[in-house]
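Engineer: File follows, my_file_11.pdb with PDB, C-alpha atoms:
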ATOM      1  CA  MET A  19      92.211 -63.426 103.850
ATOM      2  CA  HIS A  20      92.786 -67.173 103.470
ATOM      3  CA  ALA A  21      93.036 -66.745  99.753
ATOM      4  CA  THR A  22      95.702 -64.055 100.194
ATOM      5  CA  HIS A  23      97.723 -66.290 102.572
ATOM      6  CA  PHE A  24      97.453 -69.193 100.161
ATOM      7  CA  ALA A  25      98.634 -67.021  97.285
ATOM      8  CA  VAL A  26     101.647 -65.774  99.317
ATOM      9  CA  ILE A  27     102.622 -69.287 100.435
ATOM     10  CA  ALA A  28     102.232 -70.626  96.906
ATOM     11  CA  GLY A  29     104.355 -67.781  95.571
ATOM     12  CA  VAL A  30     107.124 -68.385  98.104
ATOM     13  CA  ALA A  31     107.038 -72.130  97.403
ATOM     14  CA  LEU A  32     107.265 -71.440  93.681
ATOM     15  CA  LEU A  33     110.251 -69.162  94.251
ATOM     16  CA  LEU A  34     111.991 -71.814  96.386
ATOM     17  CA  VAL A  35     111.393 -74.526  93.778
ATOM     18  CA  SER A  36     112.705 -72.236  91.025
ATOM     19  CA  PHE A  37     115.778 -71.378  93.104
ATOM     20  CA  ALA A  38     116.478 -75.062  93.795
ATOM     21  CA  ALA A  39     116.134 -75.922  90.122
ATOM     22  CA  CYS A  40     118.486 -73.133  89.078
ATOM     23  CA  SER A  41     121.117 -73.863  91.695
ATOM     24  CA  SER A  42     121.268 -77.624  91.086
ATOM     25  CA  ASP A  43     124.440 -78.976  89.450
ATOM     26  CA  ASN A  44     123.699 -79.420  85.794
ATOM     27  CA  SER A  45     127.159 -80.715  84.897
ATOM     28  CA  PRO A  46     127.096 -84.149  83.278
ATOM     29  CA  LEU A  47     127.863 -87.093  85.487
ATOM     30  CA  PRO A  48     130.644 -89.489  84.525
ATOM     31  CA  SER A  49     129.005 -91.585  81.875
ATOM     32  CA  ALA A  50     129.009 -95.321  81.577
ATOM     33  CA  ASP A  51     127.738 -95.037  78.031
ATOM     34  CA  PRO A  52     129.816 -97.426  75.897
ATOM     35  CA  ALA A  53     129.902 -94.909  73.040
ATOM     36  CA  GLU A  54     131.505 -92.340  75.339
ATOM     37  CA  LYS A  55     134.103 -94.880  76.400
ATOM     38  CA  LEU A  56     135.377 -95.330  72.867
ATOM     39  CA  SER A  57     137.399 -92.124  72.871
ATOM     40  CA  PRO A  58     138.089 -91.470  76.541
ATOM     41  CA  ASP A  59     140.371 -88.797  77.944
ATOM     42  CA  THR A  60     143.292 -90.859  79.217
ATOM     43  CA  THR A  61     143.662 -88.829  82.397
ATOM     44  CA  ARG A  62     140.063 -89.213  83.518
ATOM     45  CA  PHE A  63     140.042 -92.771  84.721
ATOM     46  CA  PRO A  64     141.413 -94.090  88.017
ATOM     47  CA  ASN A  65     143.508 -97.236  88.097
ATOM     48  CA  GLY A  66     141.410-100.380  87.900
ATOM     49  CA  THR A  67     138.717 -98.918  85.628
ATOM     50  CA  GLU A  68     137.649-101.282  82.865
ATOM     51  CA  LEU A  69     137.513 -99.559  79.496
ATOM     52  CA  HIS A  70     136.599-100.310  75.916
ATOM     53  CA  ILE A  71     138.584 -98.331  73.383
ATOM     54  CA  GLU A  72     138.815 -98.282  69.614
ATOM     55  CA  GLY A  73     141.521 -96.845  67.444
ATOM     56  CA  ILE A  74     144.513 -97.491  65.264
ATOM     57  CA  LEU A  75     147.256 -99.765  66.521
ATOM     58  CA  LEU A  76     150.587 -97.962  66.375
ATOM     59  CA  ASN A  77     154.103 -98.399  67.622
ATOM     60  CA  THR A  78     155.494 -95.766  69.965
ATOM     61  CA  GLY A  79     158.944 -96.067  68.397
ATOM     62  CA  CYS A  80     157.787 -94.555  65.111
ATOM     63  CA  TYR A  81     157.230 -91.044  66.487
ATOM     64  CA  ASP A  82     159.757 -88.326  67.134
ATOM     65  CA  GLU A  83     160.134 -86.258  70.270
ATOM     66  CA  SER A  84     157.763 -83.577  69.040
ATOM     67  CA  GLY A  85     155.018 -86.167  68.804
ATOM     68  CA  GLN A  86     155.028 -86.243  65.022
ATOM     69  CA  PRO A  87     155.320 -89.444  63.001
ATOM     70  CA  SER A  88     158.956 -90.010  62.111
ATOM     71  CA  ALA A  89     160.052 -90.237  58.494
ATOM     72  CA  HIS A  90     159.899 -93.997  58.917
ATOM     73  CA  ALA A  91     156.357 -94.092  60.352
ATOM     74  CA  THR A  92     154.975 -96.705  58.037
ATOM     75  CA  PRO A  93     153.430-100.078  58.790
ATOM     76  CA  SER A  94     156.825-101.645  58.105
ATOM     77  CA  CYS A  95     158.422 -99.284  60.653
ATOM     78  CA  ALA A  96     155.765-100.235  63.178
ATOM     79  CA  MET A  97     156.462-103.908  62.580
ATOM     80  CA  GLU A  98     160.212-103.395  62.918
ATOM     81  CA  MET A  99     159.888-101.334  66.096
ATOM     82  CA  THR A 100     157.466-103.837  67.544
ATOM     83  CA  LEU A 101     159.955-106.620  66.949
ATOM     84  CA  LYS A 102     162.594-104.464  68.679
ATOM     85  CA  GLY A 103     160.383-104.280  71.747
ATOM     86  CA  PHE A 104     159.009-100.755  71.625
ATOM     87  CA  PRO A 105     155.581-100.633  73.316
ATOM     88  CA  VAL A 106     152.476-100.554  71.150
ATOM     89  CA  ALA A 107     149.562 -98.172  71.656
ATOM     90  CA  VAL A 108     146.041 -97.509  70.453
ATOM     91  CA  LEU A 109     145.212 -94.030  69.190
ATOM     92  CA  PRO A 110     141.467 -93.270  69.168
ATOM     93  CA  PRO A 111     140.209 -91.493  66.028
ATOM     94  CA  ASP A 112     140.861 -87.745  65.736
ATOM     95  CA  GLN A 113     142.877 -87.668  68.955
ATOM     96  CA  PRO A 114     146.370 -86.245  69.543
ATOM     97  CA  LEU A 115     149.186 -88.626  70.413
ATOM     98  CA  GLN A 116     148.896 -87.603  74.065
ATOM     99  CA  GLN A 117     145.571 -89.448  74.108
ATOM    100  CA  ALA A 118     146.984 -92.759  72.920
ATOM    101  CA  TRP A 119     146.714 -95.744  75.234
ATOM    102  CA  ILE A 120     149.934 -97.739  75.668
ATOM    103  CA  LEU A 121     149.197-101.447  75.999
ATOM    104  CA  LEU A 122     150.913-103.499  78.677
ATOM    105  CA  THR A 123     151.540-106.572  76.604
ATOM    106  CA  VAL A 124     154.251-108.281  74.623
ATOM    107  CA  PRO A 125     154.328-106.078  71.501
ATOM    108  CA  GLN A 126     155.453-108.878  69.210
ATOM    109  CA  ILE A 127     152.052-110.566  69.523
ATOM    110  CA  LEU A 128     150.541-107.604  67.673
ATOM    111  CA  THR A 129     153.203-107.241  64.984
ATOM    112  CA  ASP A 130     150.954-108.298  62.117
ATOM    113  CA  TYR A 131     148.228-105.808  62.995
ATOM    114  CA  MET A 132     150.165-102.528  63.036
ATOM    115  CA  GLY A 133     148.282 -99.614  61.477
ATOM    116  CA  GLN A 134     144.990-101.468  61.595
ATOM    117  CA  PRO A 135     141.784-100.564  63.475
ATOM    118  CA  VAL A 136     141.535-102.426  66.754
ATOM    119  CA  ARG A 137     139.098-102.706  69.619
ATOM    120  CA  VAL A 138     140.498-103.277  73.110
ATOM    121  CA  ARG A 139     138.914-104.126  76.424
ATOM    122  CA  GLY A 140     141.307-103.540  79.282
ATOM    123  CA  ILE A 141     142.054-102.275  82.763
ATOM    124  CA  VAL A 142     143.476 -98.792  83.341
ATOM    125  CA  ARG A 143     146.915 -98.972  84.961
ATOM    126  CA  GLY A 144     147.732 -95.267  84.857
ATOM    127  CA  PRO A 145     147.022 -92.242  82.672
ATOM    128  CA  GLY A 146     147.272 -93.509  79.110
ATOM    129  CA  VAL A 147     148.247 -97.010  80.214
ATOM    130  CA  LEU A 148     145.952 -99.968  79.635
ATOM    131  CA  MET A 149     146.420-103.650  80.473
ATOM    132  CA  PRO A 150     144.526-105.400  77.677
ATOM    133  CA  LEU A 151     142.162-108.237  78.486
ATOM    134  CA  ARG A 152     140.917-108.677  74.941
ATOM    135  CA  VAL A 153     142.137-107.268  71.627
ATOM    136  CA  GLU A 154     140.245-107.527  68.353
ATOM    137  CA  VAL A 155     141.139-106.298  64.887
ATOM    138  CA  GLU A 156     138.670-105.145  62.251
ATOM    139  CA  MET A 157     138.888-107.328  59.158
ATOM    140  CA  ASN A 158     136.428-107.264  56.284
ATOM    141  CA  GLY A 159     133.926-105.333  58.378
ATOM    142  CA  ALA A 160     133.980-107.756  61.293
ATOM    143  CA  TRP A 161     135.918-107.900  64.554
ATOM    144  CA  GLN A 162     138.397-110.760  64.753
ATOM    145  CA  PHE A 163     139.822-111.911  68.075
ATOM    146  CA  ILE A 164     143.621-111.512  68.401
ATOM    147  CA  MET A 165     144.363-111.954  72.087
TER
ATOM    148  CA  MET B   2     146.499 -51.997  62.528
ATOM    149  CA  ARG B   3     147.640 -54.017  59.526
ATOM    150  CA  LYS B   4     150.975 -54.631  61.213
ATOM    151  CA  ILE B   5     149.469 -55.620  64.515
ATOM    152  CA  VAL B   6     147.195 -58.406  63.230
ATOM    153  CA  PRO B   7     149.971 -60.609  61.794
ATOM    154  CA  PHE B   8     152.048 -59.969  64.920
ATOM    155  CA  ILE B   9     149.217 -61.123  67.161
ATOM    156  CA  ALA B  10     148.621 -64.165  64.931
ATOM    157  CA  LEU B  11     152.327 -65.014  65.128
ATOM    158  CA  CYS B  12     152.345 -64.701  68.921
ATOM    159  CA  LEU B  13     149.235 -66.854  69.142
ATOM    160  CA  ALA B  14     150.771 -69.510  66.899
ATOM    161  CA  ALA B  15     153.988 -69.513  68.922
ATOM    162  CA  PHE B  16     152.029 -69.741  72.166
ATOM    163  CA  THR B  17     149.938 -72.631  70.828
ATOM    164  CA  ALA B  18     153.058 -74.455  69.647
ATOM    165  CA  THR B  19     154.574 -74.030  73.105
ATOM    166  CA  ILE B  20     151.493 -75.536  74.712
ATOM    167  CA  ASP B  21     151.313 -78.498  72.316
ATOM    168  CA  ALA B  22     155.020 -79.359  72.289
ATOM    169  CA  PRO B  23     155.907 -82.127  74.716
ATOM    170  CA  GLN B  24     157.999 -80.755  77.560
ATOM    171  CA  VAL B  25     161.259 -82.243  78.816
ATOM    172  CA  VAL B  26     160.793 -83.777  82.238
ATOM    173  CA  THR B  27     163.037 -85.651  84.645
ATOM    174  CA  LEU B  28     161.388 -88.426  86.603
ATOM    175  CA  GLU B  29     162.744 -90.679  89.315
ATOM    176  CA  GLY B  30     161.522 -94.057  90.383
ATOM    177  CA  THR B  31     162.089 -97.770  90.105
ATOM    178  CA  PHE B  32     162.085 -99.847  86.934
ATOM    179  CA  ILE B  33     159.289-102.389  87.020
ATOM    180  CA  ASP B  34     157.859-105.115  84.856
ATOM    181  CA  THR B  35     154.467-103.666  84.022
ATOM    182  CA  LYS B  36     152.701-106.962  83.381
ATOM    183  CA  CYS B  37     153.315-108.490  86.814
ATOM    184  CA  TYR B  38     152.909-105.122  88.513
ATOM    185  CA  GLY B  39     149.568-104.829  86.742
ATOM    186  CA  MET B  40     148.486-108.075  88.396
ATOM    187  CA  SER B  41     149.658-107.011  91.853
ATOM    188  CA  ASP B  42     151.381-103.858  93.018
ATOM    189  CA  LYS B  43     153.467-106.063  95.338
ATOM    190  CA  ASN B  44     155.353-107.159  92.226
ATOM    191  CA  SER B  45     157.578-104.099  92.047
ATOM    192  CA  GLY B  46     160.840-105.960  92.693
ATOM    193  CA  ASN B  47     162.691-108.396  90.488
ATOM    194  CA  ASN B  48     161.251-111.523  92.165
ATOM    195  CA  HIS B  49     157.505-111.885  91.844
ATOM    196  CA  MET B  50     154.763-113.845  93.552
ATOM    197  CA  LEU B  51     152.682-115.637  90.958
ATOM    198  CA  PRO B  52     150.173-118.496  91.051
ATOM    199  CA  GLY B  53     151.790-121.834  90.327
ATOM    200  CA  ALA B  54     150.307-124.813  88.480
ATOM    201  CA  ASP B  55     148.618-125.952  91.699
ATOM    202  CA  GLY B  56     147.102-122.495  92.209
ATOM    203  CA  LYS B  57     149.317-121.719  95.175
ATOM    204  CA  MET B  58     151.393-118.551  95.117
ATOM    205  CA  MET B  59     155.059-119.124  94.468
ATOM    206  CA  GLU B  60     158.059-116.846  94.198
ATOM    207  CA  VAL B  61     159.522-116.528  90.716
ATOM    208  CA  PRO B  62     163.121-115.296  90.901
ATOM    209  CA  ASN B  63     164.255-112.651  88.387
ATOM    210  CA  CYS B  64     160.725-112.569  86.963
ATOM    211  CA  ALA B  65     160.899-108.865  86.049
ATOM    212  CA  SER B  66     164.097-109.312  84.051
ATOM    213  CA  ALA B  67     162.660-112.368  82.301
ATOM    214  CA  CYS B  68     159.435-110.531  81.430
ATOM    215  CA  SER B  69     161.425-107.594  80.111
ATOM    216  CA  MET B  70     163.420-109.950  77.905
ATOM    217  CA  THR B  71     160.183-111.225  76.380
ATOM    218  CA  GLY B  72     159.187-107.671  75.428
ATOM    219  CA  ILE B  73     156.807-106.635  78.209
ATOM    220  CA  PRO B  74     157.053-102.823  78.461
ATOM    221  CA  THR B  75     159.187-101.483  81.288
ATOM    222  CA  GLY B  76     157.657 -98.911  83.584
ATOM    223  CA  LEU B  77     159.084 -96.307  85.917
ATOM    224  CA  LEU B  78     157.245 -96.523  89.228
ATOM    225  CA  GLN B  79     157.457 -93.102  90.822
ATOM    226  CA  LYS B  80     157.261 -92.431  94.538
ATOM    227  CA  ASN B  81     153.742 -91.040  94.180
ATOM    228  CA  GLY B  82     152.614 -94.389  92.739
ATOM    229  CA  ASP B  83     152.289 -93.234  89.132
ATOM    230  CA  VAL B  84     153.737 -95.517  86.470
ATOM    231  CA  VAL B  85     155.186 -94.100  83.262
ATOM    232  CA  ILE B  86     156.009 -96.457  80.408
ATOM    233  CA  MET B  87     159.471 -96.310  78.879
ATOM    234  CA  VAL B  88     159.202 -95.744  75.125
ATOM    235  CA  THR B  89     162.315 -97.728  74.331
ATOM    236  CA  PRO B  90     163.214-101.310  73.452
ATOM    237  CA  THR B  91     162.342-102.897  76.746
ATOM    238  CA  THR B  92     164.906-105.677  76.416
ATOM    239  CA  GLN B  93     167.683-103.098  76.835
ATOM    240  CA  LEU B  94     166.448-102.385  80.352
ATOM    241  CA  SER B  95     166.128-105.979  81.529
ATOM    242  CA  ALA B  96     169.391-105.797  83.481
ATOM    243  CA  TYR B  97     168.129-102.832  85.477
ATOM    244  CA  MET B  98     164.791-104.128  86.737
ATOM    245  CA  ALA B  99     163.910-103.137  90.315
ATOM    246  CA  GLN B 100     166.732-100.590  90.303
ATOM    247  CA  GLU B 101     166.340 -96.952  91.224
ATOM    248  CA  ALA B 102     166.387 -94.878  88.047
ATOM    249  CA  ARG B 103     166.300 -91.301  86.815
ATOM    250  CA  VAL B 104     164.882 -90.640  83.368
ATOM    251  CA  THR B 105     164.995 -87.418  81.376
ATOM    252  CA  GLY B 106     162.883 -87.165  78.265
ATOM    253  CA  LYS B 107     159.683 -85.993  76.670
ATOM    254  CA  LYS B 108     156.221 -87.244  77.502
ATOM    255  CA  VAL B 109     155.171 -87.562  73.884
ATOM    256  CA  PHE B 110     152.527 -90.063  74.915
ATOM    257  CA  GLY B 111     150.249 -89.425  77.878
ATOM    258  CA  GLY B 112     151.376 -92.611  79.581
ATOM    259  CA  GLY B 113     154.897 -92.899  78.211
ATOM    260  CA  ILE B 114     158.182 -91.066  78.241
ATOM    261  CA  MET B 115     160.569 -90.992  75.300
ATOM    262  CA  PRO B 116     163.903 -90.980  77.110
ATOM    263  CA  ASP B 117     166.875 -88.831  76.150
ATOM    264  CA  LYS B 118     168.858 -89.991  79.134
ATOM    265  CA  ILE B 119     168.483 -92.943  81.474
ATOM    266  CA  GLU B 120     170.475 -93.294  84.663
ATOM    267  CA  VAL B 121     170.427 -95.928  87.373
ATOM    268  CA  LYS B 122     171.650 -95.593  90.927
ATOM    269  CA  ASP B 123     175.144 -96.970  91.370
ATOM    270  CA  GLY B 124     175.937 -96.645  95.042
ATOM    271  CA  ARG B 125     175.461 -92.967  95.788
ATOM    272  CA  SER B 126     175.954 -91.755  92.234
ATOM    273  CA  TRP B 127     174.051 -92.114  88.969
ATOM    274  CA  LYS B 128     175.342 -94.244  86.113
ATOM    275  CA  GLU B 129     174.070 -93.574  82.588
ATOM    276  CA  VAL B 130     172.528 -96.443  80.663
ATOM    277  CA  LYS B 131     173.150 -96.289  76.928
ATOM    278  CA  ILE B 132     170.197 -97.310  74.815
ATOM    279  CA  THR B 133     169.299 -97.321  71.154
ATOM    280  CA  THR B 134     165.933 -95.703  70.646
ATOM    281  CA  MET B 135     165.518 -95.043  66.945
ATOM    282  CA  MET B 136     166.018 -96.833  63.654
TER
END
Let me see whether you can do it: turn the structure in this file into structure tokens.
Structural biologist:
Amino acid sequence: MHATHFAVIAGVALLLVSFAACSSDNSPLPSADPAEKLSPDTTRFPNGTELHIEGILLNTGCYDESGQPSAHATPSCAMEMTLKGFPVAVLPPDQPLQQAWILLTVPQILTDYMGQPVRVRGIVRGPGVLMPLRVEVEMNGAWQFIM
Amino acid sequence: MRKIVPFIALCLAAFTATIDAPQVVTLEGTFIDTKCYGMSDKNSGNNHMLPGADGKMMEVPNCASACSMTGIPTGLLQKNGDVVIMVTPTTQLSAYMAQEARVTGKKVFGGGIMPDKIEVKDGRSWKEVKITTMM
């Protein structure tokens, strides 16, 4: 009799544990993994979030309204547009232009680094808007401090 | 069947292009200097409170216009608190800092709008601001 009761209770407990395991939320939690931060979705992060991003430094003035590079989208265009005061942005690898991060800084400081790989640490100030705290450019396989 | 497959592919391609193409939007808000606003959201006017040499906060008159003249990107602060960056030579907007503005353009960048038309409030009406955006 006791053995039967024990078997029933154990069975019910096993069912409850299985049910709990199946119904738990298996969706990934927001990750703080630095590797994940390197190509973040620009809409995911609330204002004030500190991010590390990597990508190519571009000038927003060298793209047309369809989001395609204009006929003048060359490093010299980027330099010219930067000197004119168009904002600069960082486009993470293999991302569409919508995922570029516009940098809240004086663009002219970055004139000489247009089209080059950069690494930026900054604070999110809106979807796709980053206030840079530190900007580095990749030169000869090493990261060089710019600002 | 042979006629249907290319038709479906064409529809799919057109639909995809519609999704990917940046849409024209009209946004209203106030022109702000994004650098000082980034430091404190109280700095949404033209005069800003910034730390002086002695560390005490001091009012800097026409700070937003001055920052814009140096090349700091101009933002449009919308009523819901979202800031959209103006993809335009920022110096051309320095005279309109802290003014109410209406901007029509395409959000080519997630955080920026490429303006086709910029207007600022002039009394009760809107006055268009002419800007040069391309080479």
Engineer: Counting all atoms listed in the file, a student should be able to say which residues of chain A come within 10 Å of chain B; what is the right answer, written as a PyMOL selection string?
Structural biologist: chain A and resi 59-61+65-66+77-86+88+90+95+98-107+114-127+141-149
Engineer: Once you have the residues from the selection above, write them out as a CSV table (one decimal), in the frame of the given file, restricted to C-alpha atoms.
Structural biologist:
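Below is the file part-v7.csv, written as the result:
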chain,number,residue,atom,x,y,z
A,59,ASP,CA,140.4,-88.8,77.9
A,60,THR,CA,143.3,-90.9,79.2
A,61,THR,CA,143.7,-88.8,82.4
A,65,ASN,CA,143.5,-97.2,88.1
A,66,GLY,CA,141.4,-100.4,87.9
A,77,ASN,CA,154.1,-98.4,67.6
A,78,THR,CA,155.5,-95.8,70.0
A,79,GLY,CA,158.9,-96.1,68.4
A,80,CYS,CA,157.8,-94.6,65.1
A,81,TYR,CA,157.2,-91.0,66.5
A,82,ASP,CA,159.8,-88.3,67.1
A,83,GLU,CA,160.1,-86.3,70.3
A,84,SER,CA,157.8,-83.6,69.0
A,85,GLY,CA,155.0,-86.2,68.8
A,86,GLN,CA,155.0,-86.2,65.0
A,88,SER,CA,159.0,-90.0,62.1
A,90,HIS,CA,159.9,-94.0,58.9
A,95,CYS,CA,158.4,-99.3,60.7
A,98,GLU,CA,160.2,-103.4,62.9
A,99,MET,CA,159.9,-101.3,66.1
A,100,THR,CA,157.5,-103.8,67.5
A,101,LEU,CA,160.0,-106.6,66.9
A,102,LYS,CA,162.6,-104.5,68.7
A,103,GLY,CA,160.4,-104.3,71.7
A,104,PHE,CA,159.0,-100.8,71.6
A,105,PRO,CA,155.6,-100.6,73.3
A,106,VAL,CA,152.5,-100.6,71.2
A,107,ALA,CA,149.6,-98.2,71.7
A,114,PRO,CA,146.4,-86.2,69.5
A,115,LEU,CA,149.2,-88.6,70.4
A,116,GLN,CA,148.9,-87.6,74.1
A,117,GLN,CA,145.6,-89.4,74.1
A,118,ALA,CA,147.0,-92.8,72.9
A,119,TRP,CA,146.7,-95.7,75.2
A,120,ILE,CA,149.9,-97.7,75.7
A,121,LEU,CA,149.2,-101.4,76.0
A,122,LEU,CA,150.9,-103.5,78.7
A,123,THR,CA,151.5,-106.6,76.6
A,124,VAL,CA,154.3,-108.3,74.6
A,125,PRO,CA,154.3,-106.1,71.5
A,126,GLN,CA,155.5,-108.9,69.2
A,127,ILE,CA,152.1,-110.6,69.5
A,141,ILE,CA,142.1,-102.3,82.8
A,142,VAL,CA,143.5,-98.8,83.3
A,143,ARG,CA,146.9,-99.0,85.0
A,144,GLY,CA,147.7,-95.3,84.9
A,145,PRO,CA,147.0,-92.2,82.7
A,146,GLY,CA,147.3,-93.5,79.1
A,147,VAL,CA,148.2,-97.0,80.2
A,148,LEU,CA,146.0,-100.0,79.6
A,149,MET,CA,146.4,-103.6,80.5
Engineer: Please, what distance in Å, to one decimal, runs between atom CA of Val26 of chain B and atom CA of Arg103 of chain B?
Structural biologist: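 Interatomic distance here is 10.4 Å.
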Engineer: From the set B:Val121, B:Lys128, B:Leu77, B:Ala99, which residue has the shortest atom-to-atom contact distance to Leu28 of chain B, counting only C-alpha atoms?
Structural biologist: B:Leu77
Engineer: For this file, the PyMOL selection byres ((chain B and resi 129) around 8) selects which residues, as a VMD selection string?
Structural biologist: chain B and resid 118 to 121 127 to 128 130 to 131
Engineer: For the selection you just gave me, I'd like the residues written to a file as a PDB file, in the frame of the given file, keeping C-alpha atoms.
Structural biologist:
ATOM      1  CA  LYS B 118     168.858 -89.991  79.134  1.00  0.00           C
ATOM      2  CA  ILE B 119     168.483 -92.943  81.474  1.00  0.00           C
ATOM      3  CA  GLU B 120     170.475 -93.294  84.663  1.00  0.00           C
ATOM      4  CA  VAL B 121     170.427 -95.928  87.373  1.00  0.00           C
ATOM      5  CA  TRP B 127     174.051 -92.114  88.969  1.00  0.00           C
ATOM      6  CA  LYS B 128     175.342 -94.244  86.113  1.00  0.00           C
ATOM      7  CA  VAL B 130     172.528 -96.443  80.663  1.00  0.00           C
ATOM      8  CA  LYS B 131     173.150 -96.289  76.928  1.00  0.00           C
TER       9      LYS B 131
END
Engineer: Could you put an axis-aligned box around every listed atom of segment 34-52 of chain B, padded by 6 Å on each side, and send me its centre and edge lengths in Å to one decimal, as JSON?
Structural biologist:
{"center_x": 155.6, "center_y": -111.1, "center_z": 89.4, "size_x": 26.2, "size_y": 26.8, "size_z": 24.0}
Engineer: In terms of the shortest atom-to-atom distance over only C-alpha atoms, which of B:Ser66, B:Thr27, B:Phe32, B:Met59 is closest to Ala96 of chain B?
Structural biologist: B:Ser66
Engineer: Once N, CA and C atoms are restored for segment 45-62 of chain B, what would the output be as a PDB file, in the coordinates of the input?
Structural biologist:
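Result saved to out20.pdb:
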ATOM      1  N   SER B  45     156.782-105.241  92.516  1.00  0.00           N
ATOM      2  CA  SER B  45     157.578-104.099  92.047  1.00  0.00           C
ATOM      3  C   SER B  45     159.074-104.387  92.134  1.00  0.00           C
ATOM      4  N   GLY B  46     159.431-105.567  92.643  1.00  0.00           N
ATOM      5  CA  GLY B  46     160.840-105.960  92.693  1.00  0.00           C
ATOM      6  C   GLY B  46     161.202-106.800  91.486  1.00  0.00           C
ATOM      7  N   ASN B  47     162.301-107.525  91.603  1.00  0.00           N
ATOM      8  CA  ASN B  47     162.691-108.396  90.488  1.00  0.00           C
ATOM      9  C   ASN B  47     162.074-109.789  90.649  1.00  0.00           C
ATOM     10  N   ASN B  48     161.912-110.243  91.903  1.00  0.00           N
ATOM     11  CA  ASN B  48     161.251-111.523  92.165  1.00  0.00           C
ATOM     12  C   ASN B  48     159.763-111.272  92.366  1.00  0.00           C
ATOM     13  N   HIS B  49     158.955-112.107  91.759  1.00  0.00           N
ATOM     14  CA  HIS B  49     157.505-111.885  91.844  1.00  0.00           C
ATOM     15  C   HIS B  49     156.781-113.085  92.429  1.00  0.00           C
ATOM     16  N   MET B  50     155.642-112.789  93.048  1.00  0.00           N
ATOM     17  CA  MET B  50     154.763-113.845  93.552  1.00  0.00           C
ATOM     18  C   MET B  50     153.667-114.073  92.511  1.00  0.00           C
ATOM     19  N   LEU B  51     153.664-115.298  91.992  1.00  0.00           N
ATOM     20  CA  LEU B  51     152.682-115.637  90.958  1.00  0.00           C
ATOM     21  C   LEU B  51     152.041-116.982  91.278  1.00  0.00           C
ATOM     22  N   PRO B  52     150.807-117.204  90.791  1.00  0.00           N
ATOM     23  CA  PRO B  52     150.173-118.496  91.051  1.00  0.00           C
ATOM     24  C   PRO B  52     150.861-119.615  90.274  1.00  0.00           C
ATOM     25  N   GLY B  53     151.169-120.688  90.975  1.00  0.00           N
ATOM     26  CA  GLY B  53     151.790-121.834  90.327  1.00  0.00           C
ATOM     27  C   GLY B  53     150.760-122.741  89.678  1.00  0.00           C
ATOM     28  N   ALA B  54     151.211-123.886  89.157  1.00  0.00           N
ATOM     29  CA  ALA B  54     150.307-124.813  88.480  1.00  0.00           C
ATOM     30  C   ALA B  54     149.235-125.341  89.426  1.00  0.00           C
ATOM     31  N   ASP B  55     149.589-125.448  90.718  1.00  0.00           N
ATOM     32  CA  ASP B  55     148.618-125.952  91.699  1.00  0.00           C
ATOM     33  C   ASP B  55     147.748-124.830  92.266  1.00  0.00           C
ATOM     34  N   GLY B  56     147.913-123.618  91.750  1.00  0.00           N
ATOM     35  CA  GLY B  56     147.102-122.495  92.209  1.00  0.00           C
ATOM     36  C   GLY B  56     147.691-121.764  93.392  1.00  0.00           C
ATOM     37  N   LYS B  57     148.699-122.380  94.024  1.00  0.00           N
ATOM     38  CA  LYS B  57     149.317-121.719  95.175  1.00  0.00           C
ATOM     39  C   LYS B  57     150.324-120.669  94.695  1.00  0.00           C
ATOM     40  N   MET B  58     150.451-119.614  95.482  1.00  0.00           N
ATOM     41  CA  MET B  58     151.393-118.551  95.117  1.00  0.00           C
ATOM     42  C   MET B  58     152.825-119.032  95.317  1.00  0.00           C
ATOM     43  N   MET B  59     153.652-118.734  94.356  1.00  0.00           N
ATOM     44  CA  MET B  59     155.059-119.124  94.468  1.00  0.00           C
ATOM     45  C   MET B  59     155.940-117.961  94.016  1.00  0.00           C
ATOM     46  N   GLU B  60     157.143-117.924  94.564  1.00  0.00           N
ATOM     47  CA  GLU B  60     158.059-116.846  94.198  1.00  0.00           C
ATOM     48  C   GLU B  60     158.806-117.221  92.921  1.00  0.00           C
ATOM     49  N   VAL B  61     158.794-116.314  91.973  1.00  0.00           N
ATOM     50  CA  VAL B  61     159.522-116.528  90.716  1.00  0.00           C
ATOM     51  C   VAL B  61     160.731-115.596  90.709  1.00  0.00           C
ATOM     52  N   PRO B  62     161.953-116.155  90.859  1.00  0.00           N
ATOM     53  CA  PRO B  62     163.121-115.296  90.901  1.00  0.00           C
ATOM     54  C   PRO B  62     163.419-114.650  89.550  1.00  0.00           C
TER      55      PRO B  62
END
